[in-house]
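Structure first, commentary second.
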Amino acid sequence: MRSRDGFYRSAFALAVPVALQSMLQASFSAVDQIMIGRLGSVSVAGVGLAGKFSSIHGVLTASVGTVAAVMLAQYLGQGNKPALRRSFRVNLGIALGVAAVFALVCLALPRRIMALYSTDAPTVEIAAEYLSLLAGSFVPAAASTLLSALLRCMEKPLLPLYAGIASALVNTALNALLIFGGPGVPAMGARSAALATLIAQWVNLLILLALWRLMLCGLAASAVLSGLILCIAPLYVRIFRVEPEVRQMTRRILAVYAAVAPVKVQNMILGGGVIRSGGRTSYILWVDLIGTWCFGVPLACISAFVWKLPVHWVYGLLSLEECVRLAISLGIFRSRRWMRRLEA
């Protein structure tokens, strides 16, 4: 009887956090729909159409996460750590690859994609703008799914749950602030729901990653800094005697910077501090070269000269190099190959 009771307690302790986290992830779109509902039927329809297409990515990512969970559980049970690490890296690479493809398609062809769902021009316009912003959440969502699967297999389901609670609170708060506006914050309408989801997904991922305390402190400090930037941005741009268009563009660039700042700080700690201290300084050189010249600069050139996007979009896409550098640095960090003993 005792063994049976212990089994049920263990199953309950594992199942409840997983179920709650799934509900929190599903709440993202529900919160968007509820708050957007006050903006009118066109906005509701546009957000709904964008959500239909993005749900395809969600299904694919969940499928990869399910397969990964099976493999990780098997290798953990066998005590086969090399196979465990290899399986995680492969599945993470697949999930990030799928996310990158979906993100690029949504950034390059948002209106064409949404035109497949509706012929109403205003609805398609809102849906396309929402989808192009939502594309930035695909990569962190994919990485979070794989990390959550790993933590559950390691019998640590509460960590993904805590991250999910934090990201759900961030999503709800930002939706309320950005959609309808507030003190010093202009109302941004339907597109702000996608921006809130994007930021919340990155918060979820960064919390999952911030398991060593230095990175957690850096994340907390950078989050506070980002919040301050968002709050003072409207006041800051009023200092300069420039046209309203320039002020609006500056606010958008500051918003992008605030969104990317936590990732920048994590790179400074992990790459510039931890990995470099292991003696493998060439690793960081290659991380910077790949992130900047193989990803950031080409994407910025394409977005500026081919897609002809506004400057804040170009800056945002260029800043995605920080995400690439963080992903590579985390892979190096977990492999422990950066540890090198220097001979006296």
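Lettering and numbering for the structure tokens are positional, with chains as A, B, ... in the shown order, residues counted from 1 in each chain, and ligands counted from 1 in the shown order.
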
Quick one: DSSP helix (DSSP H, G or I) residues in range 109-203 of chain A, as JSON, numbers by chain?
{"A": [110, 111, 112, 113, 114, 115, 121, 122, 123, 124, 125, 126, 127, 128, 129, 130, 131, 132, 133, 134, 135, 136, 137, 138, 139, 140, 141, 142, 143, 144, 145, 146, 147, 148, 149, 150, 151, 152, 153, 158, 159, 160, 161, 162, 163, 164, 165, 166, 167, 168, 169, 170, 171, 172, 173, 174, 175, 176, 177, 178, 179, 180, 191, 192, 193, 194, 195, 196, 197, 198, 199, 200, 201, 202, 203]}

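Residue nearest Ser132 in chain A, chosen from A:Pro234, A:Arg337, A:Met114, A:Val263 and counting only C-alpha atoms: A:Met114.
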
List the neighbours of Ser226 in chain A out to 8 Å using only C-alpha atoms; skip same-chain residues closer than 3 positions along the sequence, and give me the result as an mmCIF file with N, CA and C atoms, in the first residue's frame.
data_model
loop_
_atom_site.group_PDB
_atom_site.id
_atom_site.type_symbol
_atom_site.label_atom_id
_atom_site.label_comp_id
_atom_site.auth_asym_id
_atom_site.auth_seq_id
_atom_site.Cartn_x
_atom_site.Cartn_y
_atom_site.Cartn_z
ATOM 1 N N SER A 222 18.973 43.253 -15.851
ATOM 2 C CA SER A 222 18.693 43.705 -17.211
ATOM 3 C C SER A 222 17.198 43.883 -17.449
ATOM 4 N N ALA A 223 16.373 43.041 -16.793
ATOM 5 C CA ALA A 223 14.920 43.192 -16.917
ATOM 6 C C ALA A 223 14.463 44.514 -16.311
ATOM 7 N N ILE A 229 13.834 51.690 -19.342
ATOM 8 C CA ILE A 229 13.963 52.254 -20.689
ATOM 9 C C ILE A 229 12.591 52.460 -21.318
ATOM 10 N N LEU A 230 11.727 51.449 -21.182
ATOM 11 C CA LEU A 230 10.378 51.555 -21.740
ATOM 12 C C LEU A 230 9.584 52.679 -21.085
ATOM 13 N N TYR A 257 15.568 47.800 -28.268
ATOM 14 C CA TYR A 257 16.758 47.658 -27.414
ATOM 15 C C TYR A 257 16.387 47.076 -26.051
ATOM 16 N N ALA A 258 15.284 47.550 -25.485
ATOM 17 C CA ALA A 258 14.848 47.044 -24.182
ATOM 18 C C ALA A 258 14.517 45.560 -24.243
ATOM 19 N N ALA A 259 13.936 45.123 -25.370
ATOM 20 C CA ALA A 259 13.584 43.712 -25.514
ATOM 21 C C ALA A 259 14.818 42.828 -25.625
ATOM 22 N N ALA A 261 17.953 43.661 -24.522
ATOM 23 C CA ALA A 261 18.942 43.901 -23.466
ATOM 24 C C ALA A 261 19.189 42.697 -22.562
ATOM 25 N N PRO A 262 18.158 41.977 -22.105
ATOM 26 C CA PRO A 262 18.444 40.804 -21.254
ATOM 27 C C PRO A 262 19.306 39.754 -21.948
#

Residue contacts of Ser54 in chain A (10 Å, only C-alpha atoms) excluding same-chain residues fewer than 6 positions away, as a PyMOL selection string:
chain A and resi 48+102-103+106+131+134-135+137-138

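Remark: for Glu129 in chain A, the closest of the candidate residues A:Leu159, A:Ala176, A:Ala69, A:Ala50 is A:Ala50 (distances computed over only C-alpha atoms).
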
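The neighbours of Thr123 in chain A here are the residues that come within 6 Å of it, using only C-alpha atoms and leaving out any residue fewer than 2 positions away in the same chain; they are A:Val42, A:Gly46, A:Asp120, A:Ala121, A:Glu125, A:Ile126.
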
Write out as a PyMOL selection string each polymer residue whose atoms come within 12 Å of Leu289 in chain A, counting only C-alpha atoms; drop sequence neighbours fewer than 6 positions from it.
chain A and resi 282-283+295-297+321-322+324-325+328

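The environment of Gly93 in chain A within 12 Å, counting only C-alpha atoms and disregarding residues fewer than 2 places along the same chain, consists of Thr61, Val64, Gly65, Ala68, Arg86, Ser87, Phe88, Arg89, Val90, Asn91, Ala95, Leu96, Gly97, Val98, Ala99, Ala100, Val139, Ala142, Ala143, Leu146, Val324, Ala327, Ile328 and Gly331 of chain A.
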
Export, as a PDB file, in the first residue's frame, the selected residues with N, CA and C atoms.
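Writing the result to again.pdb gives the following:
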ATOM      1  N   THR A  61       6.444  22.135 -32.980  1.00  0.00           N
ATOM      2  CA  THR A  61       7.366  22.228 -31.848  1.00  0.00           C
ATOM      3  C   THR A  61       6.974  21.254 -30.734  1.00  0.00           C
ATOM      4  N   VAL A  64       8.116  17.760 -31.692  1.00  0.00           N
ATOM      5  CA  VAL A  64       9.552  17.561 -31.457  1.00  0.00           C
ATOM      6  C   VAL A  64       9.822  17.396 -29.962  1.00  0.00           C
ATOM      7  N   GLY A  65       9.138  18.219 -29.138  1.00  0.00           N
ATOM      8  CA  GLY A  65       9.315  18.114 -27.697  1.00  0.00           C
ATOM      9  C   GLY A  65       8.879  16.773 -27.138  1.00  0.00           C
ATOM     10  N   ALA A  68      11.511  14.229 -28.122  1.00  0.00           N
ATOM     11  CA  ALA A  68      12.703  14.472 -27.308  1.00  0.00           C
ATOM     12  C   ALA A  68      12.518  13.952 -25.890  1.00  0.00           C
ATOM     13  N   ARG A  86      23.708  14.253 -26.737  1.00  0.00           N
ATOM     14  CA  ARG A  86      23.578  14.242 -28.194  1.00  0.00           C
ATOM     15  C   ARG A  86      22.107  14.338 -28.615  1.00  0.00           C
ATOM     16  N   SER A  87      21.250  13.601 -27.935  1.00  0.00           N
ATOM     17  CA  SER A  87      19.822  13.622 -28.250  1.00  0.00           C
ATOM     18  C   SER A  87      19.234  15.008 -28.027  1.00  0.00           C
ATOM     19  N   PHE A  88      19.615  15.631 -26.918  1.00  0.00           N
ATOM     20  CA  PHE A  88      19.090  16.967 -26.632  1.00  0.00           C
ATOM     21  C   PHE A  88      19.533  17.971 -27.685  1.00  0.00           C
ATOM     22  N   ARG A  89      20.817  17.907 -28.055  1.00  0.00           N
ATOM     23  CA  ARG A  89      21.333  18.856 -29.053  1.00  0.00           C
ATOM     24  C   ARG A  89      20.641  18.667 -30.402  1.00  0.00           C
ATOM     25  N   VAL A  90      20.463  17.415 -30.809  1.00  0.00           N
ATOM     26  CA  VAL A  90      19.838  17.152 -32.107  1.00  0.00           C
ATOM     27  C   VAL A  90      18.402  17.654 -32.131  1.00  0.00           C
ATOM     28  N   ASN A  91      17.649  17.299 -31.106  1.00  0.00           N
ATOM     29  CA  ASN A  91      16.246  17.724 -31.061  1.00  0.00           C
ATOM     30  C   ASN A  91      16.116  19.234 -30.914  1.00  0.00           C
ATOM     31  N   ALA A  95      14.199  21.713 -33.537  1.00  0.00           N
ATOM     32  CA  ALA A  95      13.173  22.662 -33.098  1.00  0.00           C
ATOM     33  C   ALA A  95      13.539  24.101 -33.468  1.00  0.00           C
ATOM     34  N   LEU A  96      14.808  24.470 -33.261  1.00  0.00           N
ATOM     35  CA  LEU A  96      15.242  25.828 -33.603  1.00  0.00           C
ATOM     36  C   LEU A  96      15.245  26.039 -35.112  1.00  0.00           C
ATOM     37  N   GLY A  97      15.594  24.992 -35.873  1.00  0.00           N
ATOM     38  CA  GLY A  97      15.560  25.100 -37.333  1.00  0.00           C
ATOM     39  C   GLY A  97      14.158  25.340 -37.842  1.00  0.00           C
ATOM     40  N   VAL A  98      13.199  24.588 -37.319  1.00  0.00           N
ATOM     41  CA  VAL A  98      11.795  24.786 -37.711  1.00  0.00           C
ATOM     42  C   VAL A  98      11.331  26.188 -37.326  1.00  0.00           C
ATOM     43  N   ALA A  99      11.700  26.626 -36.125  1.00  0.00           N
ATOM     44  CA  ALA A  99      11.310  27.959 -35.666  1.00  0.00           C
ATOM     45  C   ALA A  99      11.905  29.050 -36.556  1.00  0.00           C
ATOM     46  N   ALA A 100      13.172  28.882 -36.937  1.00  0.00           N
ATOM     47  CA  ALA A 100      13.829  29.878 -37.791  1.00  0.00           C
ATOM     48  C   ALA A 100      13.161  29.970 -39.158  1.00  0.00           C
ATOM     49  N   VAL A 139      11.443  31.231 -31.891  1.00  0.00           N
ATOM     50  CA  VAL A 139      12.709  30.651 -31.424  1.00  0.00           C
ATOM     51  C   VAL A 139      12.705  30.429 -29.913  1.00  0.00           C
ATOM     52  N   ALA A 142      10.404  27.511 -28.998  1.00  0.00           N
ATOM     53  CA  ALA A 142      10.969  26.198 -29.327  1.00  0.00           C
ATOM     54  C   ALA A 142      12.019  25.778 -28.308  1.00  0.00           C
ATOM     55  N   ALA A 143      12.908  26.689 -27.960  1.00  0.00           N
ATOM     56  CA  ALA A 143      13.947  26.371 -26.983  1.00  0.00           C
ATOM     57  C   ALA A 143      13.343  26.063 -25.610  1.00  0.00           C
ATOM     58  N   LEU A 146      11.956  22.457 -25.442  1.00  0.00           N
ATOM     59  CA  LEU A 146      12.983  21.419 -25.278  1.00  0.00           C
ATOM     60  C   LEU A 146      13.587  21.443 -23.876  1.00  0.00           C
ATOM     61  N   VAL A 324      21.334  34.215 -31.391  1.00  0.00           N
ATOM     62  CA  VAL A 324      22.151  33.165 -31.993  1.00  0.00           C
ATOM     63  C   VAL A 324      23.407  32.933 -31.160  1.00  0.00           C
ATOM     64  N   ALA A 327      22.524  31.064 -27.967  1.00  0.00           N
ATOM     65  CA  ALA A 327      22.242  29.645 -28.200  1.00  0.00           C
ATOM     66  C   ALA A 327      23.538  28.852 -28.374  1.00  0.00           C
ATOM     67  N   ILE A 328      24.482  29.393 -29.152  1.00  0.00           N
ATOM     68  CA  ILE A 328      25.757  28.700 -29.368  1.00  0.00           C
ATOM     69  C   ILE A 328      26.558  28.635 -28.066  1.00  0.00           C
ATOM     70  N   GLY A 331      25.309  25.972 -25.790  1.00  0.00           N
ATOM     71  CA  GLY A 331      25.744  24.653 -26.233  1.00  0.00           C
ATOM     72  C   GLY A 331      27.176  24.372 -25.825  1.00  0.00           C
TER      73      GLY A 331
END

One residue among A:Gln78, A:Asn267, A:Asn171, A:Thr66 is nearest to Val203 in chain A when using only C-alpha atoms, and that residue is A:Asn171

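Here CA of Ile207 in chain A and CA of Ala163 in chain A stand 5.7 Å from one another.
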
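Counting only C-alpha atoms and comparing A:Ala194, A:Thr281, A:Ser148, A:Cys294, the residue that lies closest to Ala62 in chain A is A:Ser148.
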
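One finds CA of Val256 in chain A at 7.3 Å from CA of His312 in chain A.
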
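The residue that comes closest to Arg252 in chain A, out of A:Leu205, A:Leu195, A:Leu225, A:Leu107 and on the basis of only C-alpha atoms, is A:Leu195.
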